[in-house]
file target.txt (compact mmCIF, C-alpha atoms)
# COMPACT_ATOMS: atom_id res chain seq x y z
CA MET A 1 -79.22 23.99 -113.13
CA SER A 2 -80.00 21.12 -110.78
CA LYS A 3 -78.28 20.64 -107.45
CA ALA A 4 -77.22 17.14 -108.54
CA LYS A 5 -75.46 18.50 -111.64
CA GLU A 6 -73.64 21.10 -109.55
CA ILE A 7 -72.50 18.38 -107.13
CA ALA A 8 -71.31 16.15 -110.00
CA ALA A 9 -69.37 19.00 -111.60
CA GLU A 10 -67.76 19.93 -108.27
CA ARG A 11 -66.48 16.38 -107.72
CA ALA A 12 -65.22 16.19 -111.30
CA TYR A 13 -63.47 19.54 -110.96
CA GLN A 14 -61.59 18.27 -107.90
CA ILE A 15 -60.54 15.11 -109.77
CA VAL A 16 -59.38 16.99 -112.87
CA LYS A 17 -57.49 19.52 -110.76
CA GLN A 18 -55.54 16.69 -109.10
CA MET A 19 -54.87 15.05 -112.47
CA LEU A 20 -53.36 18.28 -113.82
CA ASN A 21 -50.38 17.71 -111.50
CA ARG A 22 -49.28 14.58 -113.37
CA ILE A 23 -50.44 14.78 -116.98
CA ARG A 24 -49.16 16.41 -120.14
CA VAL A 25 -52.24 16.10 -122.38
CA LEU A 26 -55.85 16.71 -121.28
CA GLY A 27 -58.91 15.84 -123.35
CA ILE A 28 -62.12 17.77 -122.76
CA GLY A 29 -65.56 16.58 -123.82
CA THR A 30 -68.70 18.44 -124.87
CA GLY A 31 -71.92 19.50 -123.17
CA SER A 32 -73.38 21.52 -120.30
CA THR A 33 -71.80 19.48 -117.50
CA VAL A 34 -68.38 19.73 -119.15
CA ARG A 35 -68.84 23.48 -119.46
CA LEU A 36 -69.55 23.69 -115.75
CA VAL A 37 -66.42 21.70 -114.87
CA VAL A 38 -64.28 23.89 -117.14
CA SER A 39 -65.74 27.03 -115.56
CA LYS A 40 -64.84 25.76 -112.10
CA LEU A 41 -61.30 24.97 -113.20
CA LEU A 42 -60.79 28.43 -114.65
CA ASP A 43 -62.22 30.14 -111.57
CA ASP A 44 -59.49 28.41 -109.56
CA VAL A 45 -56.23 30.39 -109.95
CA GLU A 46 -54.05 27.37 -109.23
CA ALA A 47 -55.97 25.08 -111.59
CA ARG A 48 -55.92 27.70 -114.36
CA LYS A 49 -52.15 27.97 -114.02
CA ARG A 50 -51.75 24.19 -114.25
CA LEU A 51 -54.12 24.07 -117.23
CA SER A 52 -51.95 26.55 -119.11
CA SER A 53 -48.99 24.17 -118.80
CA VAL A 54 -50.64 21.14 -120.44
CA ARG A 55 -51.72 20.43 -123.99
CA VAL A 56 -55.51 20.52 -124.31
CA VAL A 57 -57.47 18.58 -126.93
CA ALA A 58 -61.13 19.47 -127.51
CA SER A 59 -63.76 16.95 -128.59
CA SER A 60 -65.75 19.44 -130.66
CA LEU A 61 -65.71 22.88 -132.23
CA ASP A 62 -68.14 23.97 -129.52
CA THR A 63 -65.65 23.05 -126.79
CA LEU A 64 -62.73 24.46 -128.77
CA TYR A 65 -64.44 27.85 -129.12
CA LEU A 66 -65.50 27.81 -125.46
CA LEU A 67 -61.91 27.23 -124.34
CA GLU A 68 -60.55 29.91 -126.67
CA GLU A 69 -63.09 32.41 -125.36
CA MET A 70 -61.91 31.62 -121.83
CA GLY A 71 -58.26 32.13 -122.79
CA VAL A 72 -57.24 28.46 -122.97
CA GLN A 73 -55.21 27.30 -125.95
CA ALA A 74 -56.58 24.06 -127.37
CA SER A 75 -56.67 22.04 -130.59
CA LEU A 76 -58.70 19.28 -132.21
CA GLU A 77 -55.71 17.12 -133.14
CA ILE A 78 -54.99 13.99 -131.11
CA PRO A 79 -51.24 13.60 -130.45
CA ALA A 80 -49.50 10.44 -131.67
CA ASP A 81 -48.79 9.49 -128.05
CA GLY A 82 -52.45 9.91 -127.16
CA ILE A 83 -54.18 11.73 -124.33
CA ASP A 84 -53.34 11.21 -120.67
CA PHE A 85 -56.76 12.00 -119.20
CA TYR A 86 -60.16 12.70 -120.76
CA PHE A 87 -63.43 13.74 -119.12
CA ASP A 88 -66.87 14.06 -120.65
CA GLY A 89 -70.60 13.99 -119.95
CA ALA A 90 -73.36 11.71 -121.26
CA ASP A 91 -77.05 11.59 -122.11
CA GLU A 92 -77.77 8.25 -120.41
CA VAL A 93 -75.75 5.75 -118.37
CA ALA A 94 -76.60 2.22 -117.24
CA LEU A 95 -74.37 0.96 -114.42
CA GLY A 96 -74.54 -2.81 -114.57
CA ARG A 97 -73.07 -5.63 -112.55
CA HIS A 98 -69.37 -6.51 -112.74
CA GLY A 99 -68.42 -2.97 -113.75
CA THR A 100 -70.31 -2.79 -117.02
CA CYS A 101 -70.98 0.85 -117.85
CA GLN A 102 -73.15 1.34 -120.92
CA VAL A 103 -73.24 4.92 -122.15
CA LEU A 104 -75.33 6.87 -124.65
CA LYS A 105 -73.89 10.10 -126.05
CA GLY A 106 -74.39 12.43 -128.97
CA ARG A 107 -77.26 14.79 -128.21
CA GLY A 108 -74.85 17.57 -129.20
CA GLY A 109 -73.73 15.66 -132.30
CA ALA A 110 -70.07 15.31 -131.24
CA MET A 111 -70.08 11.56 -130.51
CA VAL A 112 -67.62 10.55 -133.24
CA ARG A 113 -64.85 12.82 -132.00
CA GLU A 114 -65.77 12.08 -128.38
CA LYS A 115 -65.27 8.38 -129.07
CA LEU A 116 -61.91 9.10 -130.71
CA LEU A 117 -60.71 10.99 -127.65
CA ALA A 118 -62.00 8.33 -125.26
CA PHE A 119 -60.32 5.53 -127.22
CA TYR A 120 -56.95 7.28 -127.42
CA SER A 121 -56.96 8.36 -123.76
CA LYS A 122 -55.03 6.48 -121.11
CA GLU A 123 -57.63 7.31 -118.45
CA THR A 124 -61.25 8.38 -118.86
CA LEU A 125 -63.87 9.91 -116.58
CA LEU A 126 -67.59 10.30 -117.18
CA VAL A 127 -69.56 12.97 -115.27
CA VAL A 128 -73.36 12.90 -114.98
CA ASP A 129 -76.15 13.71 -112.54
CA GLU A 130 -78.70 11.21 -111.27
CA SER A 131 -81.25 12.11 -113.94
CA LYS A 132 -79.02 10.40 -116.53
CA ILE A 133 -78.90 7.03 -114.72
CA SER A 134 -80.98 4.10 -116.00
CA ASN A 135 -81.26 0.45 -115.05
CA VAL A 136 -80.96 -0.50 -118.74
CA LEU A 137 -79.73 1.67 -121.60
CA GLY A 138 -82.75 2.76 -123.63
CA GLU A 139 -85.02 2.94 -120.60
CA LYS A 140 -85.51 6.68 -121.18
CA ASN A 141 -86.29 6.10 -124.88
CA LYS A 142 -83.62 8.56 -125.97
CA PRO A 143 -82.41 8.17 -129.58
CA VAL A 144 -79.07 6.71 -130.59
CA PRO A 145 -77.45 9.29 -132.91
CA VAL A 146 -75.79 7.85 -136.00
CA GLU A 147 -73.47 9.98 -138.13
CA VAL A 148 -73.50 8.94 -141.78
CA MET A 149 -71.88 9.96 -145.04
CA ALA A 150 -74.22 12.28 -146.92
CA ASP A 151 -74.24 10.09 -150.03
CA ALA A 152 -75.35 7.11 -147.94
CA LEU A 153 -78.02 8.91 -145.89
CA ARG A 154 -81.09 7.44 -147.59
CA ALA A 155 -79.58 3.99 -147.99
CA VAL A 156 -78.54 3.71 -144.33
CA LYS A 157 -81.91 5.06 -143.18
CA LYS A 158 -83.74 2.43 -145.24
CA PHE A 159 -81.39 -0.33 -144.09
CA LEU A 160 -82.04 0.45 -140.43
CA GLU A 161 -85.78 0.74 -140.97
CA ASN A 162 -85.72 -2.72 -142.55
CA HIS A 163 -84.30 -3.93 -139.21
CA GLY A 164 -87.25 -2.46 -137.32
CA VAL A 165 -85.46 0.70 -136.19
CA LYS A 166 -87.31 4.03 -136.10
CA VAL A 167 -85.14 6.60 -137.91
CA VAL A 168 -85.44 10.39 -138.15
CA VAL A 169 -83.00 12.72 -139.91
CA ARG A 170 -81.95 15.28 -137.30
CA GLN A 171 -83.02 18.75 -138.39
CA GLY A 172 -81.21 21.97 -137.57
CA ASN A 173 -82.55 24.85 -135.50
CA GLY A 174 -82.14 28.26 -137.07
CA LYS A 175 -81.32 26.76 -140.50
CA ASP A 176 -83.03 24.74 -143.19
CA GLY A 177 -82.05 21.13 -143.69
CA PRO A 178 -80.36 18.53 -141.52
CA VAL A 179 -77.89 19.06 -138.72
CA ILE A 180 -74.32 18.75 -139.99
CA SER A 181 -71.63 17.44 -137.64
CA ASP A 182 -68.19 18.96 -137.11
CA ASN A 183 -67.00 16.32 -139.58
CA GLY A 184 -69.38 17.59 -142.28
CA ASN A 185 -71.89 14.73 -142.11
CA PRO A 186 -75.64 14.48 -141.40
CA ILE A 187 -76.96 12.71 -138.30
CA LEU A 188 -79.76 10.17 -137.97
CA ASP A 189 -81.62 9.83 -134.67
CA THR A 190 -82.56 6.19 -134.20
CA TRP A 191 -84.69 4.20 -131.75
CA PRO A 192 -83.49 0.56 -131.70
CA TRP A 193 -84.76 -0.39 -128.27
CA HIS A 194 -86.52 -3.56 -129.42
CA MET A 195 -83.07 -5.21 -129.55
CA PRO A 196 -80.19 -5.47 -127.03
CA VAL A 197 -77.81 -2.50 -127.15
CA HIS A 198 -74.73 -4.63 -127.86
CA ARG A 199 -76.52 -6.17 -130.85
CA TYR A 200 -77.40 -2.74 -132.25
CA GLU A 201 -73.82 -1.55 -131.74
CA ALA A 202 -72.53 -4.56 -133.66
CA LEU A 203 -75.04 -3.92 -136.45
CA LEU A 204 -74.02 -0.25 -136.81
CA ASP A 205 -70.34 -1.16 -136.85
CA THR A 206 -70.88 -3.35 -139.93
CA ILE A 207 -72.75 -0.83 -142.11
CA PRO A 208 -70.73 0.94 -144.84
CA GLY A 209 -71.59 4.63 -144.80
CA VAL A 210 -71.94 4.83 -141.02
CA VAL A 211 -69.18 7.12 -139.73
CA GLY A 212 -69.92 6.56 -136.04
CA HIS A 213 -72.65 6.42 -133.41
CA GLY A 214 -73.49 7.33 -129.83
CA ILE A 215 -73.24 3.92 -128.15
CA PHE A 216 -70.19 3.77 -125.87
CA LEU A 217 -69.58 0.31 -124.39
CA GLY A 218 -66.36 -0.11 -122.43
CA TYR A 219 -64.87 3.32 -123.08
CA PHE A 220 -64.78 4.77 -119.55
CA ASP A 221 -62.76 3.90 -116.44
CA ARG A 222 -64.87 5.79 -113.89
CA VAL A 223 -68.24 7.48 -113.62
CA VAL A 224 -68.99 10.33 -111.22
CA VAL A 225 -72.71 10.60 -110.48
CA GLY A 226 -74.12 13.63 -108.73
CA TYR A 227 -77.07 13.10 -106.39
CA THR A 228 -78.89 15.76 -104.40
CA ASP A 229 -77.19 14.52 -101.23
CA GLY A 230 -73.66 14.06 -102.63
CA ALA A 231 -71.56 12.47 -105.36
CA LYS A 232 -70.57 8.85 -105.85
CA GLU A 233 -67.86 7.30 -108.00
CA TYR A 234 -68.28 4.02 -109.83
CA VAL A 235 -65.46 1.97 -111.36
CA CYS A 236 -66.12 0.61 -114.84
CA ARG A 237 -64.59 -2.31 -116.70
CA ARG A 238 -62.94 -0.63 -119.64
CA THR A 239 -62.46 -2.75 -122.76
CA ARG A 240 -62.07 -0.15 -125.54
CA SER A 241 -58.75 1.68 -125.50
CA ALA A 242 -55.68 2.10 -127.67
CA TRP A 243 -53.67 1.27 -124.54
CA ILE A 244 -55.19 -2.14 -123.87
CA THR A 245 -52.78 -4.67 -125.39
CA LYS A 246 -54.45 -7.92 -124.39

call {"tool": "encode", "arguments": {"input": "target.txt", "output": "structure tokens"}}
result
Amino acid sequence: MSKAKEIAAERAYQIVKQMLNRIRVLGIGTGSTVRLVVSKLLDDVEARKRLSSVRVVASSLDTLYLLEEMGVQASLEIPADGIDFYFDGADEVALGRHGTCQVLKGRGGAMVREKLLAFYSKETLLVVDESKISNVLGEKNKPVPVEVMADALRAVKKFLENHGVKVVVRQGNGKDGPVISDNGNPILDTWPWHMPVHRYEALLDTIPGVVGHGIFLGYFDRVVVGYTDGAKEYVCRRTRSAWITK
């Protein structure tokens, strides 16, 4: 584990611990950084006690099982009144001017549920280390994961390829065949970096058979970035939320 990741998780742990004093529902994301934050919370007697008094919503089966193993009751269901505070990690983040925070998620395949939790949360926090920061999303040439209905797999793959996108069906480790998401769908890894990210997002959002994807534009309020010499917080301009009425 890098020093920068440890620093990012420590700052996030302090933020989440403070939030536990004034929330009723906590959403928890997926991934190694999230695991580290959760571990820090549960090592803190006071934070563990507070955590036991709030409703916890997990973004994936992986996180749900992790929490249960650590003695924390959690569920996958999003309450009708939403989530008060949600924190998660990311695969790549571009911090632009005027608070634009473009985020790529889904290496673990949980991006559809992660997006649900982010959208229905009143406040959101992203936690990453400096290795995840880019000037422009796509700079690291990481794939955009796209979850699709199984019956539409070949059709969606061909459609994207016709738009110049490189597409690979994500294959499972330790099993034959494609990776299957928590929602029961296969995942395509796609490389669309010949076009602007907002254009690719708009394209994906119009394709029948696409369940969801790993592009997150406007879903987070703050980003904590861990550097080797300390952590910094960045404020984002959030535009995607069930609680934005204008």

call {"tool": "closest_residue", "arguments": {"input": "target.txt", "among": "A:Arg154, A:Arg170, A:Arg48, A:Arg238", "to": "Val210 (chain A)", "atoms": "only C-alpha atoms"}}
result
A:Arg154

call {"tool": "atom_distance", "arguments": {"input": "target.txt", "atom1": "CA of Leu41 (chain A)", "atom2": "CA of Cys236 (chain A)"}}
result
24.9 Å

call {"tool": "atom_distance", "arguments": {"input": "target.txt", "atom1": "CA of His194 (chain A)", "atom2": "CA of Thr100 (chain A)"}}
result
20.4 Å

call {"tool": "closest_residue", "arguments": {"input": "target.txt", "among": "A:Arg22, A:Glu139, A:Asp84, A:Asp44", "to": "Phe119 (chain A)", "atoms": "only C-alpha atoms"}}
result
A:Asp84

call {"tool": "atom_distance", "arguments": {"input": "target.txt", "atom1": "CA of Val156 (chain A)", "atom2": "CA of Trp191 (chain A)"}}
result
14.0 Å

call {"tool": "closest_residue", "arguments": {"input": "target.txt", "among": "A:Val72, A:Ala90, A:Ile187, A:Leu61", "to": "Leu42 (chain A)", "atoms": "all atoms listed in the file"}}
result
A:Val72

call {"tool": "closest_residue", "arguments": {"input": "target.txt", "among": "A:Glu123, A:Glu10, A:Asp129, A:Asp205", "to": "Ser241 (chain A)", "atoms": "only C-alpha atoms"}}
result
A:Glu123

call {"tool": "closest_residue", "arguments": {"input": "target.txt", "among": "A:Val103, A:Met111, A:Ile180, A:Ala94", "to": "Ser134 (chain A)", "atoms": "only C-alpha atoms"}}
result
A:Ala94

call {"tool": "residues_near_point", "arguments": {"input": "target.txt", "point": "(-54.5, 25.0, -128.5)", "cutoff": "10 Å", "atoms": "only C-alpha atoms", "output": "list in words"}}
result
Ser52, Val54, Arg55, Val56, Val57, Ala58, Leu64, Leu67, Glu68, Gly71, Val72, Gln73, Ala74, Ser75, Leu76 and Glu77 of chain A

call {"tool": "closest_residue", "arguments": {"input": "target.txt", "among": "A:Asp81, A:Glu6, A:Glu130, A:Glu201", "to": "Val93 (chain A)", "atoms": "only C-alpha atoms"}}
result
A:Glu130

call {"tool": "residues_around", "arguments": {"input": "target.txt", "residues": "Asp221 (chain A)", "least_positions_apart": "2", "cutoff": "9 Å", "atoms": "all atoms listed in the file", "output": "list in words"}}
result
Cys101, Glu123, Thr124, Leu125, Leu126, Gly218, Tyr219, Val223, Tyr234, Val235, Cys236, Arg237 and Arg238 of chain A

call {"tool": "write_last_selection", "arguments": {"input": "target.txt", "atoms": "C-alpha atoms", "output": "mmCIF file, keeping the file's coordinate frame"}}
result
data_model
loop_
_atom_site.group_PDB
_atom_site.id
_atom_site.type_symbol
_atom_site.label_atom_id
_atom_site.label_comp_id
_atom_site.auth_asym_id
_atom_site.auth_seq_id
_atom_site.Cartn_x
_atom_site.Cartn_y
_atom_site.Cartn_z
ATOM 1 C CA CYS A 101 -70.980 0.850 -117.850
ATOM 2 C CA GLU A 123 -57.630 7.310 -118.450
ATOM 3 C CA THR A 124 -61.250 8.380 -118.860
ATOM 4 C CA LEU A 125 -63.870 9.910 -116.580
ATOM 5 C CA LEU A 126 -67.590 10.300 -117.180
ATOM 6 C CA GLY A 218 -66.360 -0.110 -122.430
ATOM 7 C CA TYR A 219 -64.870 3.320 -123.080
ATOM 8 C CA VAL A 223 -68.240 7.480 -113.620
ATOM 9 C CA TYR A 234 -68.280 4.020 -109.830
ATOM 10 C CA VAL A 235 -65.460 1.970 -111.360
ATOM 11 C CA CYS A 236 -66.120 0.610 -114.840
ATOM 12 C CA ARG A 237 -64.590 -2.310 -116.700
ATOM 13 C CA ARG A 238 -62.940 -0.630 -119.640
#

call {"tool": "residues_around", "arguments": {"input": "target.txt", "residues": "Asn183 (chain A)", "least_positions_apart": "3", "cutoff": "10 Å", "atoms": "only C-alpha atoms", "output": "list in words"}}
result
Ser60, Leu61, Gly109, Ala110, Val112, Arg113, Glu147, Met149, Ile180, Pro186 and Val211 of chain A
